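Chemist: Structure file final_20.cif (mmCIF, C-alpha atoms and all ligand atoms) is given on the next line.
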data_query
#
loop_
_atom_site.label_atom_id
_atom_site.label_comp_id
_atom_site.auth_asym_id
_atom_site.auth_seq_id
_atom_site.Cartn_x
_atom_site.Cartn_y
_atom_site.Cartn_z
CA MET A 1 13.41 -3.65 0.46
CA LYS A 2 14.51 -4.58 -3.04
CA PHE A 3 18.05 -3.97 -4.29
CA TYR A 4 18.92 -4.08 -7.99
CA ILE A 5 22.63 -4.16 -8.71
CA LEU A 6 23.82 -3.36 -12.23
CA THR A 7 27.28 -4.87 -12.66
CA LEU A 8 29.69 -6.68 -14.96
CA PHE A 9 30.49 -9.11 -12.10
CA PRO A 10 27.18 -10.39 -10.70
CA GLU A 11 28.73 -13.49 -9.11
CA MET A 12 30.96 -11.33 -6.93
CA VAL A 13 27.97 -9.53 -5.44
CA GLU A 14 25.83 -12.67 -5.10
CA ASN A 15 28.50 -14.65 -3.32
CA GLY A 16 29.12 -11.83 -0.87
CA LEU A 17 25.53 -11.04 0.06
CA HIS A 18 23.85 -14.41 0.51
CA THR A 19 25.48 -15.41 3.79
CA SER A 20 24.92 -14.69 7.46
CA ILE A 21 22.41 -12.04 8.52
CA ILE A 22 21.70 -10.67 5.04
CA GLY A 23 21.28 -14.17 3.62
CA ARG A 24 18.79 -15.02 6.35
CA ALA A 25 16.84 -11.81 5.74
CA ILE A 26 16.60 -12.71 2.05
CA GLU A 27 15.28 -16.18 2.91
CA ALA A 28 12.77 -14.61 5.28
CA GLY A 29 11.53 -12.37 2.45
CA LEU A 30 12.53 -9.11 4.16
CA LEU A 31 15.03 -8.25 1.44
CA SER A 32 15.69 -9.19 -2.14
CA ILE A 33 18.90 -8.65 -4.04
CA GLU A 34 18.80 -8.97 -7.80
CA THR A 35 21.92 -8.60 -9.90
CA VAL A 36 21.62 -7.47 -13.51
CA ASN A 37 24.54 -8.34 -15.77
CA ILE A 38 25.28 -5.29 -17.91
CA ARG A 39 27.07 -7.53 -20.42
CA ASP A 40 23.73 -9.21 -21.22
CA PHE A 41 22.55 -5.89 -22.66
CA SER A 42 25.44 -5.34 -25.05
CA THR A 43 24.29 -5.12 -28.68
CA ASN A 44 27.81 -6.00 -29.82
CA LYS A 45 27.97 -9.56 -31.14
CA HIS A 46 30.89 -10.41 -28.84
CA GLY A 47 29.17 -8.97 -25.76
CA LYS A 48 31.69 -6.13 -25.61
CA GLU A 49 30.63 -3.29 -23.32
CA ASP A 50 33.77 -1.13 -23.13
CA ASP A 51 35.64 1.15 -25.53
CA TYR A 52 38.43 3.73 -25.70
CA PRO A 53 37.85 7.22 -24.30
CA TYR A 54 37.50 10.06 -26.82
CA GLY A 55 40.43 12.43 -26.43
CA GLY A 56 42.74 9.58 -25.44
CA GLY A 57 44.09 8.61 -22.05
CA ALA A 58 44.61 5.43 -20.08
CA GLY A 59 42.18 2.54 -19.93
CA MET A 60 38.72 1.76 -21.20
CA LEU A 61 35.27 3.13 -20.46
CA MET A 62 31.96 1.36 -20.05
CA GLN A 63 29.74 2.44 -22.93
CA ALA A 64 26.43 4.23 -22.43
CA GLN A 65 24.08 1.87 -24.31
CA PRO A 66 24.40 -1.40 -22.32
CA VAL A 67 24.30 0.48 -19.02
CA TYR A 68 21.19 2.38 -20.08
CA ASP A 69 19.42 -0.74 -21.35
CA ALA A 70 20.17 -2.66 -18.13
CA TRP A 71 18.71 0.23 -16.08
CA LYS A 72 15.70 0.51 -18.42
CA TRP A 73 15.00 -3.21 -18.06
CA VAL A 74 14.66 -2.80 -14.27
CA VAL A 75 12.64 0.41 -14.50
CA GLU A 76 10.18 -0.97 -17.07
CA ARG A 77 9.59 -4.10 -15.03
CA LEU A 78 8.90 -2.03 -11.89
CA GLY A 79 6.83 0.63 -13.62
CA ARG A 80 8.66 3.34 -11.63
CA LYS A 81 12.10 4.88 -11.30
CA PRO A 82 13.77 4.12 -7.97
CA ARG A 83 16.78 6.18 -6.85
CA CYS A 84 19.85 5.07 -8.81
CA ILE A 85 23.12 5.21 -6.87
CA TYR A 86 26.39 5.35 -8.79
CA LEU A 87 29.34 4.14 -6.71
CA THR A 88 32.21 6.52 -7.30
CA PRO A 89 34.99 8.25 -5.37
CA GLN A 90 33.43 11.47 -6.78
CA GLY A 91 30.55 11.66 -4.33
CA PRO A 92 29.80 12.44 -0.69
CA THR A 93 31.05 9.76 1.70
CA PHE A 94 28.56 7.13 2.80
CA GLN A 95 27.55 7.61 6.45
CA GLN A 96 25.20 5.95 8.92
CA ALA A 97 22.66 8.75 8.48
CA MET A 98 22.55 8.02 4.74
CA ALA A 99 22.06 4.29 5.44
CA ARG A 100 19.13 5.10 7.72
CA GLU A 101 17.55 7.40 5.12
CA LEU A 102 18.01 4.96 2.20
CA ALA A 103 16.48 2.12 4.26
CA LEU A 104 13.13 3.96 3.94
CA GLU A 105 13.04 3.39 0.15
CA GLU A 106 11.04 0.51 -1.36
CA GLU A 107 13.63 -0.17 -4.05
CA LEU A 108 17.13 1.00 -4.87
CA ILE A 109 19.30 0.59 -7.96
CA PHE A 110 23.10 0.45 -7.61
CA LEU A 111 25.29 1.05 -10.64
CA CYS A 112 28.77 -0.44 -10.38
CA GLY A 113 31.41 1.00 -12.68
CA HIS A 114 34.61 -0.70 -13.77
CA TYR A 115 37.68 0.16 -15.79
CA GLU A 116 38.21 3.92 -15.89
CA GLY A 117 34.51 4.69 -15.46
CA ILE A 118 31.30 5.09 -17.45
CA ASP A 119 30.35 7.37 -20.36
CA GLU A 120 29.16 10.62 -18.76
CA ARG A 121 25.98 10.84 -20.86
CA VAL A 122 24.32 7.77 -19.37
CA LEU A 123 25.23 8.91 -15.85
CA GLN A 124 23.42 12.21 -16.53
CA GLU A 125 20.42 10.28 -17.78
CA ILE A 126 19.91 7.72 -14.96
CA VAL A 127 21.92 8.54 -11.80
CA THR A 128 20.18 10.29 -8.89
CA ASP A 129 22.92 9.88 -6.22
CA TYR A 130 26.73 9.79 -6.45
CA VAL A 131 28.19 8.02 -3.40
CA SER A 132 31.75 7.16 -2.30
CA ILE A 133 32.66 4.86 0.59
CA GLY A 134 35.88 6.68 1.50
CA ASP A 135 38.95 8.45 0.21
CA TYR A 136 40.81 5.66 -1.54
CA VAL A 137 40.52 4.15 -5.00
CA LEU A 138 39.04 0.71 -5.69
CA THR A 139 38.99 -1.27 -8.91
CA GLY A 140 35.21 -1.24 -9.20
CA GLY A 141 31.91 -0.35 -7.58
CA GLU A 142 30.98 -3.89 -6.48
CA LEU A 143 32.58 -3.80 -3.03
CA PRO A 144 31.15 -0.33 -2.30
CA ALA A 145 27.68 -1.54 -3.42
CA MET A 146 28.01 -4.53 -1.08
CA VAL A 147 29.08 -2.27 1.78
CA MET A 148 26.05 -0.05 1.22
CA VAL A 149 23.58 -2.93 0.83
CA ASP A 150 24.82 -4.42 4.11
CA ALA A 151 24.61 -1.16 6.06
CA ILE A 152 21.18 -0.26 4.62
CA SER A 153 19.77 -3.77 5.11
CA ARG A 154 20.49 -3.86 8.82
CA MET A 155 18.37 -0.71 9.21
CA VAL A 156 15.36 -2.47 7.64
CA PRO A 157 12.92 -3.53 10.39
CA GLY A 158 13.16 -7.25 11.20
CA VAL A 159 16.58 -7.85 9.62
CA LEU A 160 18.36 -7.79 12.98
CA SER A 161 16.85 -10.25 15.44
CA ASN A 162 17.32 -7.79 18.28
CA GLU A 163 15.38 -4.69 17.12
CA ALA A 164 17.25 -2.43 19.52
CA SER A 165 20.71 -3.22 18.23
CA GLY A 166 20.26 -1.40 14.92
CA SER A 167 19.95 1.91 16.69
CA THR A 168 22.18 1.68 19.74
CA GLU A 169 25.45 0.76 18.14
CA SER A 170 28.36 2.94 17.09
CA PHE A 171 27.55 6.14 15.19
CA GLU A 172 23.84 6.33 15.91
CA ASN A 173 24.42 9.14 18.40
CA ASP A 174 27.93 10.10 17.28
CA LEU A 175 29.49 7.99 20.05
CA LEU A 176 31.31 4.68 19.63
CA GLU A 177 30.00 1.59 21.31
CA TYR A 178 31.20 0.69 24.83
CA PRO A 179 33.38 -2.44 25.37
CA GLN A 180 31.55 -5.77 25.81
CA TYR A 181 32.40 -8.90 27.77
CA SER A 182 31.11 -12.48 27.84
CA ARG A 183 32.03 -15.60 29.87
CA PRO A 184 34.32 -16.45 31.58
CA GLU A 185 34.58 -13.78 34.31
CA GLU A 186 38.35 -14.06 34.14
CA TRP A 187 40.46 -14.76 31.05
CA MET A 188 44.27 -14.51 30.82
CA GLY A 189 44.24 -12.82 34.19
CA LYS A 190 41.83 -10.11 32.98
CA ARG A 191 38.59 -9.72 34.93
CA VAL A 192 35.27 -8.48 33.58
CA PRO A 193 34.63 -4.99 35.06
CA GLU A 194 32.85 -5.48 38.44
CA VAL A 195 29.97 -3.15 37.61
CA LEU A 196 28.79 -5.48 34.83
CA LEU A 197 28.43 -8.33 37.34
CA SER A 198 26.55 -6.17 39.85
CA GLY A 199 23.08 -6.42 38.34
CA HIS A 200 22.67 -2.69 39.07
CA HIS A 201 21.13 -1.46 35.82
CA LYS A 202 21.51 2.27 36.43
CA ASN A 203 25.21 1.89 37.31
CA ILE A 204 25.77 -0.31 34.27
CA GLU A 205 24.12 2.26 32.02
CA ASN A 206 26.24 5.05 33.47
CA TRP A 207 29.44 3.02 33.14
CA ARG A 208 28.70 2.18 29.51
CA ARG A 209 27.99 5.79 28.67
CA GLU A 210 31.25 6.87 30.31
CA GLN A 211 33.16 4.21 28.37
CA SER A 212 31.54 5.30 25.10
CA ILE A 213 32.69 8.85 25.74
CA LEU A 214 36.26 7.86 26.72
CA ARG A 215 36.56 5.61 23.71
CA THR A 216 35.22 8.18 21.27
CA ARG A 217 37.55 10.90 22.60
CA GLU A 218 40.54 8.62 22.28
CA ARG A 219 39.86 6.77 19.03
CA ARG A 220 37.73 9.18 17.02
CA PRO A 221 38.42 12.77 18.09
CA ASP A 222 36.57 13.92 14.95
CA LEU A 223 33.33 12.24 16.12
CA TRP A 224 33.84 13.59 19.63
CA GLU A 225 34.12 17.12 18.24
CA ARG A 226 30.85 16.70 16.38
CA TYR A 227 29.11 15.16 19.40
CA GLN A 228 30.19 18.07 21.61
CA SER A 229 29.04 20.74 19.21
CA LYS A 230 25.65 19.00 18.84
CA THR A 231 25.01 18.57 22.57
CA ALA A 232 26.17 22.16 23.20
CA GLY A 233 23.54 23.28 20.65
CA GLU A 234 20.85 21.25 22.39
CA SER A 235 21.48 22.66 25.88
CA GLY A 236 21.76 26.15 24.39
CA GLN A 237 18.21 25.90 23.00
CA LYS A 238 16.65 25.13 26.37
CL1 LIG B 301 32.11 4.03 -4.51
N1 LIG B 301 34.04 3.25 -6.15
C1 LIG B 301 35.33 3.09 -6.46
N2 LIG B 301 35.65 2.56 -7.64
N3 LIG B 301 36.32 3.43 -5.66
C2 LIG B 301 35.97 3.96 -4.49
C3 LIG B 301 34.65 4.17 -4.10
C4 LIG B 301 33.70 3.80 -4.96
N4 LIG B 301 34.63 4.72 -2.87
C5 LIG B 301 35.88 4.85 -2.54
N5 LIG B 301 36.71 4.42 -3.50
#
Spell out the structure here as structure tokens.
Modeler:
Amino acid sequence: MKFYILTLFPEMVENGLHTSIIGRAIEAGLLSIETVNIRDFSTNKHGKEDDYPYGGGAGMLMQAQPVYDAWKWVVERLGRKPRCIYLTPQGPTFQQAMARELALEEELIFLCGHYEGIDERVLQEIVTDYVSIGDYVLTGGELPAMVMVDAISRMVPGVLSNEASGSTESFENDLLEYPQYSRPEEWMGKRVPEVLLSGHHKNIENWRREQSILRTRERRPDLWERYQSKTAGESGQK
């Protein structure tokens, strides 16, 4: 999987994505992350890439030309047009299902906006997907792009050392993950639940499932609602 990230702050993205699991996957050749500095494509002699909005209003806008030329540079080198994701609060919220779907692509382009946004005309020309990471406002698209690259990358086969863990964790089936324990058996007077020490795999599986349900009902009633309506639909079909 190849990620191309169009940004005014390439060092921010590079520093954040070359450590730990993602960094290892890059070294192993499973992923590549290439940042493209939009400023390098400015035709202004001072490298300026922003200007005032027509009609007035607060702040500056990123101009169409450098953004377009940065995108075109990637597309011409590849010889095809990958999906181009613009990070913006004005899009559907990023979810696990979207991460799973995007992990099937060969390449993805992320466009990170800054200031008050980007000239609408270039967005119309190059963007295929508008995606938000939640209902709050950030100063730029870099952190959202990093969030998405991380979530998508761990769905790419081989990135997680334990193949199973990509699919069994929270959200994959609309339930949160069960609690986990490691050594010692007792810490601060708290014992590891007996069933986990029993070696009885069926009982352990049942206990974990029960805990997932309890936890989801308590902490994420919205997910629990969705889970119930889905499973009700399934048994209704039989
Ligand atoms: Cl994708 N971008 C910005 N600037 N703010 C956000 C966001 C994205 N998602 C939530 N807030």
Chemist: Could you give me the centre and size, in Å to one decimal, of an axis-aligned box around all listed atoms of region 8-18 of chain A with 8 Å added on every side, as lines of an AutoDock Vina configuration file?
Modeler:
center_x = 27.4
center_y = -10.7
center_z = -7.2
size_x = 23.1
size_y = 24.0
size_z = 31.5
Chemist: Could you give me, as a compact mmCIF listing (two decimals) with C-alpha atoms, in the coordinates of the input, the residues within 10 Å of Pro10 (chain A), counting only C-alpha atoms and dropping anything in the same chain fewer than 2 positions from it?
Modeler:
# COMPACT_ATOMS: atom_id res chain seq x y z
CA ILE A 5 22.63 -4.16 -8.71
CA LEU A 6 23.82 -3.36 -12.23
CA THR A 7 27.28 -4.87 -12.66
CA LEU A 8 29.69 -6.68 -14.96
CA MET A 12 30.96 -11.33 -6.93
CA VAL A 13 27.97 -9.53 -5.44
CA GLU A 14 25.83 -12.67 -5.10
CA ASN A 15 28.50 -14.65 -3.32
CA GLU A 34 18.80 -8.97 -7.80
CA THR A 35 21.92 -8.60 -9.90
CA VAL A 36 21.62 -7.47 -13.51
CA ASN A 37 24.54 -8.34 -15.77
CA ILE A 38 25.28 -5.29 -17.91
CA GLU A 142 30.98 -3.89 -6.48
Chemist: Would you give me, as a tab-separated table, each residue of region 67-169 of chain A having an atom within 8 Å of an atom of region 40-50 of chain A, along with its shortest atom pair and that distance in Å to one decimal, using all atoms listed in the file and sorting by chain and residue number?
Modeler:
residue	atom	partner	partner_atom	distance
A:Val67	CA	A:Phe41	CA	7.5
A:Asp69	CA	A:Phe41	CA	6.2
A:Ala70	CA	A:Phe41	CA	6.1
Chemist: Produce a table with one row for each residue of chain A that has an atom at most 12 Å from any atom of ligand LIG 301 (chain B), each row naming the nearest atom pair and its distance in Å at one decimal; use only C-alpha atoms and all ligand atoms; arrange rows by chain and rising residue number; format as CSV.
Modeler:
residue,atom,partner,partner_atom,distance
A:Ile85,CA,B:LIG301,CL1,9.4
A:Tyr86,CA,B:LIG301,CL1,7.3
A:Leu87,CA,B:LIG301,CL1,3.5
A:Thr88,CA,B:LIG301,CL1,3.7
A:Pro89,CA,B:LIG301,C3,4.3
A:Gln90,CA,B:LIG301,C3,7.9
A:Gly91,CA,B:LIG301,CL1,7.8
A:Pro92,CA,B:LIG301,N4,9.4
A:Thr93,CA,B:LIG301,N4,7.7
A:Phe94,CA,B:LIG301,N4,8.6
A:Phe110,CA,B:LIG301,CL1,10.2
A:Leu111,CA,B:LIG301,CL1,9.6
A:Cys112,CA,B:LIG301,N1,7.7
A:Gly113,CA,B:LIG301,N2,6.8
A:His114,CA,B:LIG301,N2,7.0
A:Tyr115,CA,B:LIG301,N2,8.7
A:Glu116,CA,B:LIG301,N2,8.7
A:Gly117,CA,B:LIG301,N2,8.2
A:Ile118,CA,B:LIG301,N2,11.0
A:Asp129,CA,B:LIG301,CL1,11.0
A:Tyr130,CA,B:LIG301,CL1,8.1
A:Val131,CA,B:LIG301,CL1,5.7
A:Ser132,CA,B:LIG301,N4,3.8
A:Ile133,CA,B:LIG301,N4,4.0
A:Gly134,CA,B:LIG301,C5,4.4
A:Asp135,CA,B:LIG301,C5,5.5
A:Tyr136,CA,B:LIG301,N5,4.7
A:Val137,CA,B:LIG301,N5,4.1
A:Leu138,CA,B:LIG301,N3,3.8
A:Thr139,CA,B:LIG301,N2,5.2
A:Gly140,CA,B:LIG301,N2,4.1
A:Gly141,CA,B:LIG301,N1,4.4
A:Glu142,CA,B:LIG301,N1,7.8
A:Leu143,CA,B:LIG301,N1,7.8
A:Pro144,CA,B:LIG301,CL1,5.0
A:Ala145,CA,B:LIG301,CL1,7.2
A:Met146,CA,B:LIG301,CL1,10.1
A:Val147,CA,B:LIG301,CL1,9.4
A:Met148,CA,B:LIG301,CL1,9.3
Chemist: Hey, can you check how far CA of Ala28 (chain A) sits from CA of Val159 (chain A)?
Modeler: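 Result for CA of Ala28 (chain A) versus CA of Val159 (chain A): 8.9 Å, one decimal.
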Chemist: Given all atoms listed in the file as the basis, pick out the residue of A:Pro82, A:Pro221, A:Gly16, A:Pro184 nearest to Leu102 (chain A).
Modeler: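 The answer is A:Pro82, which sits nearest to Leu102 (chain A).
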Chemist: What is the distance, in Å and to one decimal place, between CA of Ser32 (chain A) and CA of Lys2 (chain A)?
Modeler: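 Computed distance, CA of Ser32 (chain A) to CA of Lys2 (chain A), equals 4.8 Å.
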Chemist: Rounded to one decimal, what separation in Å do you get between CA of Leu197 (chain A) and CA of Asn162 (chain A)?
Modeler: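 Interatomic distance, CA of Leu197 (chain A) to CA of Asn162 (chain A): 22.1 Å.
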Chemist: Name the residues in contact with Cys84 (chain A) at a cut-off of 6 Å, using all atoms listed in the file, excluding same-chain residues fewer than 5 positions from it; report them as a PyMOL selection string.
Modeler: chain A and resi 109-110+127-128
Chemist: Between A:Gly56, A:Glu194, A:Phe171, A:Phe3, which is the closest to Glu106 (chain A) once you count all atoms listed in the file?
Modeler: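 Closest candidate: A:Phe3.
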Chemist: So which one's closest to Ala97 (chain A), A:Arg219, A:Ile152, A:Ser20, A:Arg80? Using all atoms listed in the file, please.
Modeler: A:Ile152
Chemist: Please provide the set of residues having any atom within 8 Å of Ala64 (chain A), restricted to only C-alpha atoms, with same-chain residues fewer than 4 positions apart removed, written as an MDAnalysis selection string.
Modeler: chainID A and resid 68 118:122
Chemist: Between A:Pro53, A:Pro193, A:Gly158, A:Pro66, which is the closest to Leu31 (chain A) once you count all atoms listed in the file?
Modeler: A:Gly158
Chemist: Calculated over only C-alpha atoms, which of the candidates A:Glu76, A:Glu185, A:Glu234, A:Asp174 has the smallest distance to Ile213 (chain A)?
Modeler: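 The closest residue to Ile213 (chain A) is A:Asp174.
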Chemist: Region 5-34 of chain A from the block above, N, CA, C and O atoms, as a CSV table (one decimal), in the first residue's frame, please?
Modeler:
chain,number,residue,atom,x,y,z
A,5,ILE,N,0.9,11.9,0.7
A,5,ILE,CA,0.3,12.9,1.6
A,5,ILE,C,0.7,14.3,1.1
A,5,ILE,O,1.9,14.7,1.2
A,6,LEU,N,-0.3,15.1,0.6
A,6,LEU,CA,0.0,16.4,0.1
A,6,LEU,C,-0.3,17.4,1.3
A,6,LEU,O,-1.3,17.4,1.8
A,7,THR,N,0.8,18.1,1.6
A,7,THR,CA,0.7,18.9,2.9
A,7,THR,C,1.7,20.1,2.8
A,7,THR,O,2.7,20.0,2.1
A,8,LEU,N,1.4,21.1,3.7
A,8,LEU,CA,2.4,22.2,3.8
A,8,LEU,C,3.4,21.8,5.0
A,8,LEU,O,4.3,22.6,5.2
A,9,PHE,N,3.1,20.8,5.7
A,9,PHE,CA,4.0,20.4,6.9
A,9,PHE,C,4.4,19.0,6.8
A,9,PHE,O,4.1,18.1,7.7
A,10,PRO,N,5.2,18.6,5.8
A,10,PRO,CA,5.6,17.2,5.6
A,10,PRO,C,6.4,16.6,6.8
A,10,PRO,O,6.2,15.4,7.1
A,11,GLU,N,7.1,17.4,7.5
A,11,GLU,CA,7.9,16.9,8.6
A,11,GLU,C,7.0,16.4,9.8
A,11,GLU,O,7.3,15.4,10.5
A,12,MET,N,5.9,17.1,9.9
A,12,MET,CA,4.9,16.6,11.0
A,12,MET,C,4.4,15.2,10.7
A,12,MET,O,4.4,14.4,11.6
A,13,VAL,N,4.1,14.9,9.5
A,13,VAL,CA,3.6,13.6,9.1
A,13,VAL,C,4.7,12.6,9.2
A,13,VAL,O,4.5,11.5,9.7
A,14,GLU,N,5.9,12.9,8.7
A,14,GLU,CA,7.0,12.0,8.6
A,14,GLU,C,7.4,11.6,10.0
A,14,GLU,O,7.6,10.4,10.3
A,15,ASN,N,7.5,12.6,10.9
A,15,ASN,CA,7.9,12.2,12.3
A,15,ASN,C,6.9,11.3,13.0
A,15,ASN,O,7.3,10.5,13.8
A,16,GLY,N,5.7,11.5,12.7
A,16,GLY,CA,4.6,10.8,13.4
A,16,GLY,C,4.4,9.4,12.8
A,16,GLY,O,3.9,8.5,13.6
A,17,LEU,N,4.8,9.1,11.6
A,17,LEU,CA,4.5,7.8,11.0
A,17,LEU,C,5.6,6.9,10.8
A,17,LEU,O,5.5,5.8,10.1
A,18,HIS,N,6.8,7.2,11.2
A,18,HIS,CA,8.0,6.3,11.0
A,18,HIS,C,8.4,5.6,12.3
A,18,HIS,O,9.5,5.1,12.3
A,19,THR,N,7.5,5.5,13.3
A,19,THR,CA,7.9,4.8,14.5
A,19,THR,C,7.0,3.6,14.7
A,19,THR,O,6.0,3.4,14.0
A,20,SER,N,7.4,2.7,15.6
A,20,SER,CA,6.6,1.6,16.0
A,20,SER,C,6.1,0.7,14.9
A,20,SER,O,6.9,0.4,14.0
A,21,ILE,N,4.9,0.3,14.9
A,21,ILE,CA,4.4,-0.8,14.0
A,21,ILE,C,4.4,-0.3,12.6
A,21,ILE,O,4.8,-1.0,11.6
A,22,ILE,N,4.0,1.0,12.4
A,22,ILE,CA,3.9,1.5,11.0
A,22,ILE,C,5.4,1.7,10.4
A,22,ILE,O,5.6,1.4,9.3
A,23,GLY,N,6.3,2.2,11.3
A,23,GLY,CA,7.7,2.3,10.9
A,23,GLY,C,8.3,1.0,10.5
A,23,GLY,O,9.0,0.9,9.5
A,24,ARG,N,8.0,-0.1,11.2
A,24,ARG,CA,8.5,-1.4,10.9
A,24,ARG,C,7.9,-1.9,9.6
A,24,ARG,O,8.6,-2.5,8.8
A,25,ALA,N,6.6,-1.7,9.4
A,25,ALA,CA,6.0,-2.1,8.1
A,25,ALA,C,6.6,-1.4,6.9
A,25,ALA,O,6.7,-1.9,5.8
A,26,ILE,N,7.0,-0.1,7.1
A,26,ILE,CA,7.6,0.6,6.0
A,26,ILE,C,9.0,0.0,5.7
A,26,ILE,O,9.3,-0.3,4.6
A,27,GLU,N,9.7,-0.3,6.8
A,27,GLU,CA,11.1,-1.0,6.6
A,27,GLU,C,10.9,-2.3,5.9
A,27,GLU,O,11.8,-2.7,5.1
A,28,ALA,N,9.9,-3.0,6.2
A,28,ALA,CA,9.6,-4.4,5.7
A,28,ALA,C,9.1,-4.3,4.2
A,28,ALA,O,8.9,-5.3,3.6
A,29,GLY,N,8.8,-3.1,3.7
A,29,GLY,CA,8.3,-2.9,2.4
A,29,GLY,C,6.8,-3.2,2.2
A,29,GLY,O,6.4,-3.2,1.1
A,30,LEU,N,6.1,-3.3,3.3
A,30,LEU,CA,4.7,-3.5,3.2
A,30,LEU,C,3.9,-2.2,2.9
A,30,LEU,O,2.8,-2.3,2.3
A,31,LEU,N,4.5,-1.1,3.3
A,31,LEU,CA,3.8,0.2,3.2
A,31,LEU,C,4.9,1.2,2.7
A,31,LEU,O,6.1,1.0,3.0
A,32,SER,N,4.4,2.2,2.0
A,32,SER,CA,5.3,3.4,1.8
A,32,SER,C,4.5,4.6,2.0
A,32,SER,O,3.3,4.7,1.7
A,33,ILE,N,5.1,5.6,2.6
A,33,ILE,CA,4.5,6.9,2.9
A,33,ILE,C,5.3,8.0,2.3
A,33,ILE,O,6.5,8.1,2.7
A,34,GLU,N,4.8,8.6,1.3
A,34,GLU,CA,5.5,9.7,0.7
A,34,GLU,C,4.8,11.0,0.9
A,34,GLU,O,3.6,11.2,0.6
